[in-house]
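What follows is the content of target_22.tsv, which has TSV, C-alpha atoms and all ligand atoms:
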chain	number	residue	atom	x	y	z
A	1	MET	CA	108.07	96.64	114.63
A	2	ARG	CA	106.06	93.49	115.14
A	3	ASP	CA	106.55	90.37	113.03
A	4	LEU	CA	104.15	87.47	112.79
A	5	LEU	CA	105.42	83.99	112.06
A	6	LEU	CA	102.66	81.75	110.68
A	7	ARG	CA	102.24	78.23	109.41
A	8	ALA	CA	102.06	78.46	105.58
A	9	PRO	CA	98.44	79.16	104.65
A	10	ASP	CA	95.87	77.43	102.45
A	11	ASP	CA	93.83	79.14	99.77
A	12	PHE	CA	90.60	77.15	99.62
A	13	HIS	CA	89.15	79.10	96.67
A	14	VAL	CA	91.29	80.41	93.81
A	15	HIS	CA	90.96	80.79	90.03
A	16	PHE	CA	94.09	79.75	88.15
A	17	ARG	CA	92.31	79.79	84.76
A	18	SER	CA	93.53	77.67	81.86
A	19	GLY	CA	94.79	80.26	79.34
A	20	PRO	CA	98.14	81.99	78.83
A	21	GLY	CA	98.37	83.58	82.32
A	22	MET	CA	97.86	80.33	84.19
A	23	GLY	CA	101.50	79.62	85.08
A	24	GLU	CA	101.98	83.12	86.49
A	25	TYR	CA	98.78	82.98	88.55
A	26	VAL	CA	99.76	79.59	89.98
A	27	ARG	CA	103.26	80.78	90.90
A	28	ARG	CA	101.85	83.95	92.46
A	29	THR	CA	99.76	81.80	94.83
A	30	SER	CA	102.53	79.30	95.54
A	31	ALA	CA	104.83	82.18	96.59
A	32	PHE	CA	103.04	82.26	99.96
A	33	PHE	CA	100.51	79.40	100.04
A	34	ASP	CA	101.41	75.73	100.42
A	35	ARG	CA	98.04	74.42	99.27
A	36	ALA	CA	95.27	75.66	96.99
A	37	LEU	CA	91.84	74.65	95.79
A	38	PRO	CA	91.63	75.71	92.12
A	39	MET	CA	88.13	76.45	90.88
A	40	PRO	CA	86.77	74.44	87.94
A	41	ASN	CA	85.10	77.22	85.88
A	42	THR	CA	87.93	77.07	83.37
A	43	LEU	CA	87.56	76.86	79.59
A	44	PRO	CA	86.94	73.99	79.06
A	45	PRO	CA	85.43	73.33	82.51
A	46	LEU	CA	86.83	70.65	84.82
A	47	ALA	CA	84.01	68.12	84.73
A	48	ASP	CA	85.47	64.76	83.68
A	49	PRO	CA	88.42	62.68	84.92
A	50	GLU	CA	90.63	63.22	81.87
A	51	THR	CA	90.31	67.02	81.76
A	52	LEU	CA	90.80	67.18	85.52
A	53	ALA	CA	93.95	65.04	85.47
A	54	ALA	CA	95.46	67.01	82.57
A	55	TYR	CA	94.71	70.32	84.34
A	56	ALA	CA	96.23	69.13	87.64
A	57	GLU	CA	99.37	68.10	85.78
A	58	LYS	CA	99.69	71.56	84.16
A	59	VAL	CA	99.22	73.33	87.49
A	60	ARG	CA	101.75	71.03	89.19
A	61	ALA	CA	104.26	71.66	86.40
A	62	ALA	CA	103.94	75.42	87.04
A	63	ALA	CA	104.48	75.09	90.81
A	64	PRO	CA	105.60	71.61	91.90
A	65	GLY	CA	105.62	72.60	95.60
A	66	LEU	CA	101.96	73.58	95.70
A	67	ASP	CA	99.56	70.95	97.07
A	68	LEU	CA	96.22	70.84	95.30
A	69	VAL	CA	92.69	70.08	96.45
A	70	LEU	CA	90.94	69.32	93.16
A	71	SER	CA	87.41	70.38	92.27
A	72	ILE	CA	84.99	69.67	89.44
A	73	LYS	CA	82.13	71.73	88.09
A	74	LEU	CA	78.68	70.18	88.47
A	75	PHE	CA	76.37	70.22	85.46
A	76	PRO	CA	72.61	69.67	85.14
A	77	GLY	CA	72.00	65.95	84.64
A	78	MET	CA	75.55	64.95	85.63
A	79	SER	CA	75.57	61.25	86.44
A	80	ALA	CA	76.65	59.65	89.70
A	81	ASP	CA	79.15	57.59	87.69
A	82	THR	CA	80.86	60.71	86.35
A	83	VAL	CA	81.19	62.06	89.88
A	84	ARG	CA	82.57	58.73	91.13
A	85	ALA	CA	85.07	58.61	88.24
A	86	CYS	CA	86.22	62.16	89.06
A	87	ALA	CA	86.60	61.16	92.73
A	88	ARG	CA	88.84	58.28	91.64
A	89	ALA	CA	90.87	60.79	89.58
A	90	GLY	CA	91.46	62.84	92.75
A	91	ALA	CA	88.52	65.28	92.93
A	92	ARG	CA	87.50	66.13	96.49
A	93	VAL	CA	85.07	68.95	95.74
A	94	GLY	CA	82.05	69.49	93.45
A	95	LYS	CA	81.24	73.12	92.63
A	96	TYR	CA	77.67	74.34	92.31
A	97	TYR	CA	77.31	77.43	90.09
A	98	PRO	CA	73.70	78.63	89.77
A	99	ALA	CA	73.07	79.16	86.04
A	100	GLY	CA	74.13	82.69	85.09
A	101	ALA	CA	75.41	83.67	88.54
A	102	THR	CA	78.97	84.57	87.55
A	103	THR	CA	81.88	84.13	85.10
A	104	HIS	CA	81.53	81.00	82.90
A	105	SER	CA	78.35	79.83	84.61
A	106	ARG	CA	75.71	80.21	81.92
A	107	ASP	CA	75.76	76.42	81.67
A	108	GLY	CA	75.35	76.10	85.48
A	109	ILE	CA	72.52	74.69	87.56
A	110	PRO	CA	68.94	76.01	87.37
A	111	THR	CA	67.73	74.15	90.52
A	112	PRO	CA	69.26	71.49	92.82
A	113	ARG	CA	66.77	68.96	91.40
A	114	GLU	CA	68.86	68.83	88.22
A	115	ILE	CA	71.89	67.49	90.05
A	116	ARG	CA	70.22	65.08	92.48
A	117	ASP	CA	72.25	62.07	91.31
A	118	ALA	CA	75.50	64.03	91.45
A	119	LEU	CA	74.72	65.26	94.98
A	120	GLU	CA	74.04	61.71	96.14
A	121	ALA	CA	77.38	60.65	94.66
A	122	LEU	CA	79.15	63.51	96.47
A	123	GLU	CA	77.59	62.31	99.72
A	124	GLU	CA	78.53	58.71	99.05
A	125	THR	CA	82.16	59.45	98.09
A	126	GLY	CA	82.67	61.96	100.92
A	127	MET	CA	83.34	64.81	98.49
A	128	VAL	CA	82.51	68.36	99.59
A	129	LEU	CA	79.84	70.45	97.85
A	130	SER	CA	81.19	73.97	97.24
A	131	VAL	CA	78.45	76.52	96.57
A	132	HIS	CA	78.40	79.86	94.79
A	133	GLY	CA	75.42	81.06	96.83
A	134	GLU	CA	73.66	83.62	94.66
A	135	ASP	CA	70.25	83.60	93.00
A	136	PRO	CA	70.84	85.41	89.69
A	137	GLU	CA	67.11	86.23	89.37
A	138	ALA	CA	67.27	88.55	92.40
A	139	PRO	CA	68.56	92.18	92.30
A	140	VAL	CA	72.34	92.22	92.39
A	141	LEU	CA	72.82	93.16	96.06
A	142	GLU	CA	70.06	90.76	97.18
A	143	ARG	CA	71.32	87.67	95.42
A	144	GLU	CA	73.13	86.00	98.30
A	145	ARG	CA	70.22	86.46	100.73
A	146	ALA	CA	67.82	85.13	98.07
A	147	PHE	CA	69.85	81.92	97.73
A	148	LEU	CA	69.80	80.98	101.42
A	149	PRO	CA	66.47	79.05	101.21
A	150	VAL	CA	67.99	76.92	98.43
A	151	LEU	CA	70.97	76.18	100.65
A	152	ARG	CA	68.64	75.29	103.53
A	153	GLY	CA	66.87	72.81	101.24
A	154	LEU	CA	70.16	71.28	100.04
A	155	LEU	CA	71.28	70.68	103.61
A	156	ALA	CA	67.91	69.18	104.59
A	157	ASP	CA	67.68	66.88	101.55
A	158	HIS	CA	71.27	65.62	101.88
A	159	PRO	CA	71.86	65.01	105.58
A	160	ARG	CA	75.41	63.65	105.19
A	161	LEU	CA	76.63	66.15	102.62
A	162	ARG	CA	79.49	68.45	103.66
A	163	VAL	CA	78.94	71.91	102.22
A	164	VAL	CA	81.03	75.09	101.89
A	165	LEU	CA	79.25	78.37	101.19
A	166	GLU	CA	81.86	80.34	99.25
A	167	HIS	CA	82.88	84.00	99.57
A	168	LEU	CA	80.38	85.20	102.19
A	169	SER	CA	79.33	88.78	101.52
A	170	THR	CA	76.34	89.52	103.77
A	171	ARG	CA	75.37	89.52	107.43
A	172	GLU	CA	72.49	87.13	106.70
A	173	ALA	CA	74.76	84.55	105.05
A	174	ALA	CA	77.25	84.83	107.91
A	175	GLU	CA	74.47	84.30	110.46
A	176	PHE	CA	73.18	81.35	108.45
A	177	VAL	CA	76.61	79.71	108.63
A	178	LEU	CA	77.10	80.50	112.32
A	179	ALA	CA	73.74	78.87	113.12
A	180	GLY	CA	74.39	75.93	110.77
A	181	PRO	CA	75.51	72.37	111.43
A	182	ASP	CA	79.15	71.25	111.76
A	183	ARG	CA	79.09	69.95	108.19
A	184	LEU	CA	78.53	73.50	106.88
A	185	GLY	CA	81.65	75.61	106.39
A	186	ALA	CA	82.29	78.91	104.61
A	187	THR	CA	85.08	80.85	102.97
A	188	VAL	CA	85.63	84.59	103.24
A	189	THR	CA	87.90	86.66	101.00
A	190	ALA	CA	90.35	89.39	102.03
A	191	HIS	CA	88.56	91.91	99.79
A	192	HIS	CA	85.12	91.30	101.32
A	193	LEU	CA	86.72	91.90	104.75
A	194	SER	CA	88.54	95.04	103.60
A	195	PHE	CA	86.35	96.94	101.12
A	196	THR	CA	82.73	98.05	100.68
A	197	THR	CA	80.38	99.14	97.90
A	198	ASP	CA	81.70	102.66	98.45
A	199	ASP	CA	85.24	101.60	97.61
A	200	LEU	CA	83.84	100.02	94.45
A	201	ALA	CA	81.50	102.74	93.27
A	202	GLY	CA	81.21	105.53	95.88
A	203	GLY	CA	83.51	107.81	93.89
A	204	ALA	CA	85.02	106.75	90.60
A	205	LEU	CA	84.06	103.25	89.46
A	206	ARG	CA	86.84	100.82	90.33
A	207	PRO	CA	86.42	97.82	88.05
A	208	HIS	CA	89.29	95.97	89.71
A	209	LEU	CA	87.18	95.68	92.89
A	210	PHE	CA	84.16	94.37	90.99
A	211	CYS	CA	83.40	90.76	91.86
A	212	LYS	CA	80.48	88.41	92.47
A	213	PRO	CA	79.08	88.52	95.03
A	214	VAL	CA	79.40	92.32	94.87
A	215	LEU	CA	80.98	94.10	97.86
A	216	GLN	CA	78.32	95.18	100.37
A	217	ASP	CA	78.18	98.03	102.90
A	218	ARG	CA	80.00	98.34	106.22
A	219	THR	CA	77.39	96.57	108.35
A	220	HIS	CA	77.87	93.46	106.23
A	221	ARG	CA	81.64	93.79	106.17
A	222	ASP	CA	81.63	94.03	109.97
A	223	ALA	CA	79.35	90.98	110.28
A	224	LEU	CA	81.82	89.03	108.12
A	225	ARG	CA	84.65	90.14	110.39
A	226	LYS	CA	82.71	88.94	113.41
A	227	ALA	CA	82.12	85.51	111.80
A	228	VAL	CA	85.79	85.21	110.83
A	229	LEU	CA	86.89	86.03	114.38
A	230	SER	CA	84.46	83.69	116.09
A	231	CYS	CA	83.60	80.61	114.04
A	232	ASP	CA	85.84	77.56	113.57
A	233	ARG	CA	84.06	76.62	110.34
A	234	VAL	CA	84.83	79.92	108.61
A	235	PHE	CA	88.15	79.94	106.78
A	236	PHE	CA	90.11	81.73	104.08
A	237	GLY	CA	89.54	81.46	100.34
A	238	SER	CA	90.95	84.37	98.33
A	239	ASP	CA	88.60	84.04	95.34
A	240	SER	CA	91.53	85.49	93.46
A	241	ALA	CA	90.03	85.78	89.96
A	242	PRO	CA	92.35	87.55	87.50
A	243	HIS	CA	91.04	88.90	84.21
A	244	PRO	CA	93.33	90.57	81.65
A	245	ARG	CA	93.67	94.30	82.33
A	246	GLY	CA	92.22	95.30	78.96
A	247	LEU	CA	89.02	93.36	79.60
A	248	LYS	CA	88.57	94.71	83.13
A	249	GLU	CA	89.03	98.25	81.81
A	250	SER	CA	86.64	97.80	78.88
A	251	GLY	CA	83.00	98.92	78.78
A	252	GLU	CA	81.88	95.55	80.16
A	253	ALA	CA	84.15	94.55	83.01
A	254	PRO	CA	83.81	90.89	84.02
A	255	ALA	CA	83.50	90.08	87.74
A	256	GLY	CA	86.67	89.05	89.53
A	257	VAL	CA	89.29	90.58	91.83
A	258	TYR	CA	92.96	89.67	91.43
A	259	ALA	CA	93.55	89.15	95.13
A	260	ALA	CA	96.36	86.59	95.40
A	261	PRO	CA	99.27	89.10	95.44
A	262	VAL	CA	97.78	91.22	98.27
A	263	ALA	CA	95.46	88.94	100.26
A	264	LEU	CA	97.76	88.21	103.21
A	265	PRO	CA	98.86	91.84	103.81
A	266	LEU	CA	95.22	92.95	103.56
A	267	LEU	CA	94.17	90.30	106.09
A	268	ALA	CA	96.94	91.30	108.50
A	269	ALA	CA	95.64	94.89	108.40
A	270	VAL	CA	92.06	93.70	109.06
A	271	PHE	CA	93.06	91.48	111.99
A	272	GLU	CA	95.26	94.24	113.39
A	273	GLU	CA	92.37	96.70	113.22
A	274	GLU	CA	90.23	94.14	115.07
A	275	GLU	CA	93.03	93.65	117.64
A	276	ALA	CA	93.00	89.97	116.78
A	277	LEU	CA	96.33	89.29	115.06
A	278	ASP	CA	96.63	86.19	117.25
A	279	ARG	CA	93.65	84.67	115.41
A	280	LEU	CA	94.93	85.20	111.85
A	281	GLU	CA	96.81	81.90	111.70
A	282	ALA	CA	93.71	79.85	112.60
A	283	PHE	CA	91.78	81.57	109.80
A	284	VAL	CA	94.37	81.12	107.04
A	285	SER	CA	96.28	77.99	108.06
A	286	PHE	CA	94.27	75.64	110.28
A	287	ARG	CA	90.48	75.84	110.08
A	288	GLY	CA	90.06	75.09	106.40
A	289	ALA	CA	92.48	72.17	106.57
A	290	ARG	CA	90.51	70.74	109.48
A	291	PHE	CA	87.20	71.15	107.62
A	292	TYR	CA	88.62	69.34	104.57
A	293	GLY	CA	90.22	66.63	106.73
A	294	LEU	CA	93.78	67.60	105.74
A	295	PRO	CA	96.92	68.05	107.85
A	296	PRO	CA	98.25	71.60	108.36
A	297	ASN	CA	101.02	72.68	105.97
A	298	ARG	CA	104.67	72.38	106.95
A	299	GLY	CA	106.05	75.66	105.55
A	300	ARG	CA	106.23	78.99	107.34
A	301	ILE	CA	105.61	82.59	106.30
A	302	ARG	CA	106.46	85.84	108.05
A	303	LEU	CA	104.27	88.94	108.01
A	304	THR	CA	106.23	92.10	108.73
A	305	ARG	CA	104.92	95.53	109.52
A	306	GLU	CA	106.78	97.06	106.63
A	307	PRO	CA	105.01	99.34	104.13
A	308	TRP	CA	105.06	98.39	100.45
A	309	THR	CA	103.34	99.82	97.44
A	310	VAL	CA	101.25	97.43	95.35
A	311	PRO	CA	102.34	97.51	91.68
A	312	GLU	CA	99.86	98.89	89.12
A	313	GLU	CA	99.96	95.65	87.20
A	314	MET	CA	101.01	92.08	87.96
A	315	ASP	CA	100.86	89.11	85.59
A	316	GLY	CA	98.90	91.15	83.02
A	317	ALA	CA	96.16	91.93	85.55
A	318	VAL	CA	95.59	94.73	88.05
A	319	PRO	CA	95.70	93.47	91.64
A	320	ALA	CA	93.35	94.72	94.35
A	321	ALA	CA	94.69	97.86	96.04
A	322	ALA	CA	97.02	98.56	93.06
A	323	GLY	CA	99.02	101.73	93.61
A	324	SER	CA	98.27	101.97	97.31
A	325	THR	CA	100.69	101.46	100.16
A	326	LEU	CA	99.88	98.58	102.50
A	327	ALA	CA	101.11	98.45	106.09
A	328	TRP	CA	102.08	94.76	106.04
A	329	ASN	CA	104.34	92.71	103.82
A	330	VAL	CA	104.82	88.96	103.63
A	331	GLU	CA	107.73	86.63	102.94
A	332	ARG	CA	108.47	82.94	103.09
A	333	VAL	CA	110.74	81.84	105.92
A	401	LIG	O1	83.92	87.68	90.87
A	401	LIG	C1	83.96	86.50	90.57
A	401	LIG	N1	84.79	86.06	89.60
A	401	LIG	N2	83.16	85.65	91.20
A	401	LIG	C2	83.07	84.36	90.81
A	401	LIG	O2	82.32	83.64	91.41
A	401	LIG	C3	83.82	83.87	89.63
A	401	LIG	C4	85.01	84.68	89.41
A	401	LIG	C5	85.68	84.42	88.07
A	401	LIG	O3	85.79	83.27	87.67
A	401	LIG	O4	86.11	85.39	87.46
A	402	ZN	ZN	85.42	82.16	92.72
When written as structure tokens, how does the structure in this file appear?
Ligand code: DOR
Ligand code: ZN
Amino acid sequence: MRDLLLRAPDDFHVHFRSGPGMGEYVRRTSAFFDRALPMPNTLPPLADPETLAAYAEKVRAAAPGLDLVLSIKLFPGMSADTVRACARAGARVGKYYPAGATTHSRDGIPTPREIRDALEALEETGMVLSVHGEDPEAPVLERERAFLPVLRGLLADHPRLRVVLEHLSTREAAEFVLAGPDRLGATVTAHHLSFTTDDLAGGALRPHLFCKPVLQDRTHRDALRKAVLSCDRVFFGSDSAPHPRGLKESGEAPAGVYAAPVALPLLAAVFEEEEALDRLEAFVSFRGARFYGLPPNRGRIRLTREPWTVPEEMDGAVPAAAGSTLAWNVERV
């Protein structure tokens, strides 16, 4: 039996929500992660200093040991002053949701022109632009590819802006990041590295694996694995996005995979399959911190090659891989 002792990881993309389940979602992440970047597409959204500060306080009350990297949601016409005020309140990240691209994004951004002032303020304050890179006008499996020209334009028009392309799902996006400048980083989820469209819809439809961007086929999954194994600017963000079980199992399942409870065991299996377990720690614990200019965490976790069966339900949601037996387990040291 082989154990892996790792520096406690960061989750640089996670949805804690703001409703009744929030405390449980936060504690689920803090069980294994020392730091997290909560996404701002809450109800109400995190887009002003007061709402942001109140939200951070609630999250900290749920898990005082968890360090936070705070983000705000960018809106069309958002002023530079609002961005600066949020930066003073602790925001380090501005999130770009194309209008209609995903959960709670109908009020998102039609084109980058509409947030020019906000982007300049991000550049000036040293905040990072986090991008949901999908063009909702394109067919669902083409959306990430269709957004890449917009990203190219953003990088060209804002030469000092640091940018993270979130939850890579395609070979083309991975290649774009690999060929990009040092100020371009990317997150990859455990589910996009583990599952494909066939797991989602090849047999029975599995709504708990439905997310945006949608899982792609094996060639894309393998290209993501290659990027994760080779590029220092590619790091872990779970995109853990719980929705109540009843809603996910309704006739109109919202996008989002509850990944936090299983992400690390899934990643260990992926890295083991790639014969690259020695590179897992860089992916989950070092690269993202370096990109965000933060020190590595102090805590430690241990991954053990010890089978465990994922519960059918956790925190009122159904986690990825529910009911299946995973080869790796994880504990704090
Ligand atoms: O699948 C997703 N769910 N993708 C996102 O970008 C948002 C998230 C959510 O908030 O549920
Ligand atoms: Zn997300």
Which chain A residues have any atom within 8 Å of an atom of ligand LIG 401 (chain A), and for each, what is the nearest pair of atoms with distance in Å to one decimal, counting only C-alpha atoms and all ligand atoms, rows sorted by chain and number, as a tab-separated table?
residue	atom	partner	partner_atom	distance
A:His15	CA	A:LIG401	O3	6.2
A:Arg17	CA	A:LIG401	O3	7.9
A:Met39	CA	A:LIG401	O3	7.9
A:Asn41	CA	A:LIG401	O3	6.3
A:Thr42	CA	A:LIG401	O3	7.8
A:Ala101	CA	A:LIG401	O2	7.5
A:Thr102	CA	A:LIG401	O2	5.2
A:Thr103	CA	A:LIG401	O3	4.8
A:His104	CA	A:LIG401	O3	6.8
A:His132	CA	A:LIG401	O2	6.4
A:Phe210	CA	A:LIG401	O1	6.7
A:Cys211	CA	A:LIG401	O1	3.3
A:Lys212	CA	A:LIG401	O1	3.9
A:Pro213	CA	A:LIG401	N2	6.3
A:Val214	CA	A:LIG401	O1	7.6
A:Asp239	CA	A:LIG401	C4	7.0
A:Ser240	CA	A:LIG401	C4	7.7
A:Ala241	CA	A:LIG401	O4	4.7
A:Pro242	CA	A:LIG401	O4	6.6
A:His243	CA	A:LIG401	O4	6.9
A:Pro254	CA	A:LIG401	O4	6.9
A:Ala255	CA	A:LIG401	O1	4.0
A:Gly256	CA	A:LIG401	O1	3.4
A:Val257	CA	A:LIG401	O1	6.2
Can you list, as a short mmCIF file (atom, residue, chain, number, x, y, z; two decimals) with C-alpha atoms, in the coordinates of the input, every protein, DNA or RNA residue that comes within 7 Å of segment 68-83 of chain A when you count all atoms listed in the file, leaving out same-chain residues fewer than 4 positions away?
data_model
loop_
_atom_site.label_atom_id
_atom_site.label_comp_id
_atom_site.auth_asym_id
_atom_site.auth_seq_id
_atom_site.Cartn_x
_atom_site.Cartn_y
_atom_site.Cartn_z
CA ARG A 35 98.04 74.42 99.27
CA ALA A 36 95.27 75.66 96.99
CA LEU A 37 91.84 74.65 95.79
CA PRO A 38 91.63 75.71 92.12
CA MET A 39 88.13 76.45 90.88
CA PRO A 40 86.77 74.44 87.94
CA ASN A 41 85.10 77.22 85.88
CA PRO A 45 85.43 73.33 82.51
CA LEU A 46 86.83 70.65 84.82
CA ALA A 47 84.01 68.12 84.73
CA ASP A 48 85.47 64.76 83.68
CA ALA A 87 86.60 61.16 92.73
CA GLY A 90 91.46 62.84 92.75
CA ALA A 91 88.52 65.28 92.93
CA ARG A 92 87.50 66.13 96.49
CA VAL A 93 85.07 68.95 95.74
CA GLY A 94 82.05 69.49 93.45
CA LYS A 95 81.24 73.12 92.63
CA TYR A 96 77.67 74.34 92.31
CA GLY A 108 75.35 76.10 85.48
CA ILE A 109 72.52 74.69 87.56
CA GLU A 114 68.86 68.83 88.22
CA ILE A 115 71.89 67.49 90.05
CA ASP A 117 72.25 62.07 91.31
CA ALA A 118 75.50 64.03 91.45
CA ALA A 121 77.38 60.65 94.66
#
- Task: Would you mind listing what lies within 12 Å of Asp157 of chain A as a ChimeraX atom specification, with all atoms listed in the file counted and same-chain residues fewer than 6 positions away left out?
- Result: /A:112-113,116,119-120,123,150-151
If you count all atoms listed in the file, the residue of A:Ala138, A:Leu168, A:Leu200, A:Leu155 closest to ligand ZN 402 (chain A) turns out to be A:Leu168
re atom CA of Phe33 of chain A and atom CA of Asp10 of chain A: distance 5.6 Å
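As for atom CA of Pro261 of chain A and atom CA of Asp3 of chain A, they are spaced 19.1 Å apart.
Ranking A:Leu148, A:His208, A:Leu277, A:Tyr258 by their shortest atom-to-atom distance to ligand ZN 402 (chain A), with only C-alpha atoms and all ligand atoms included, puts A:Tyr258 first.
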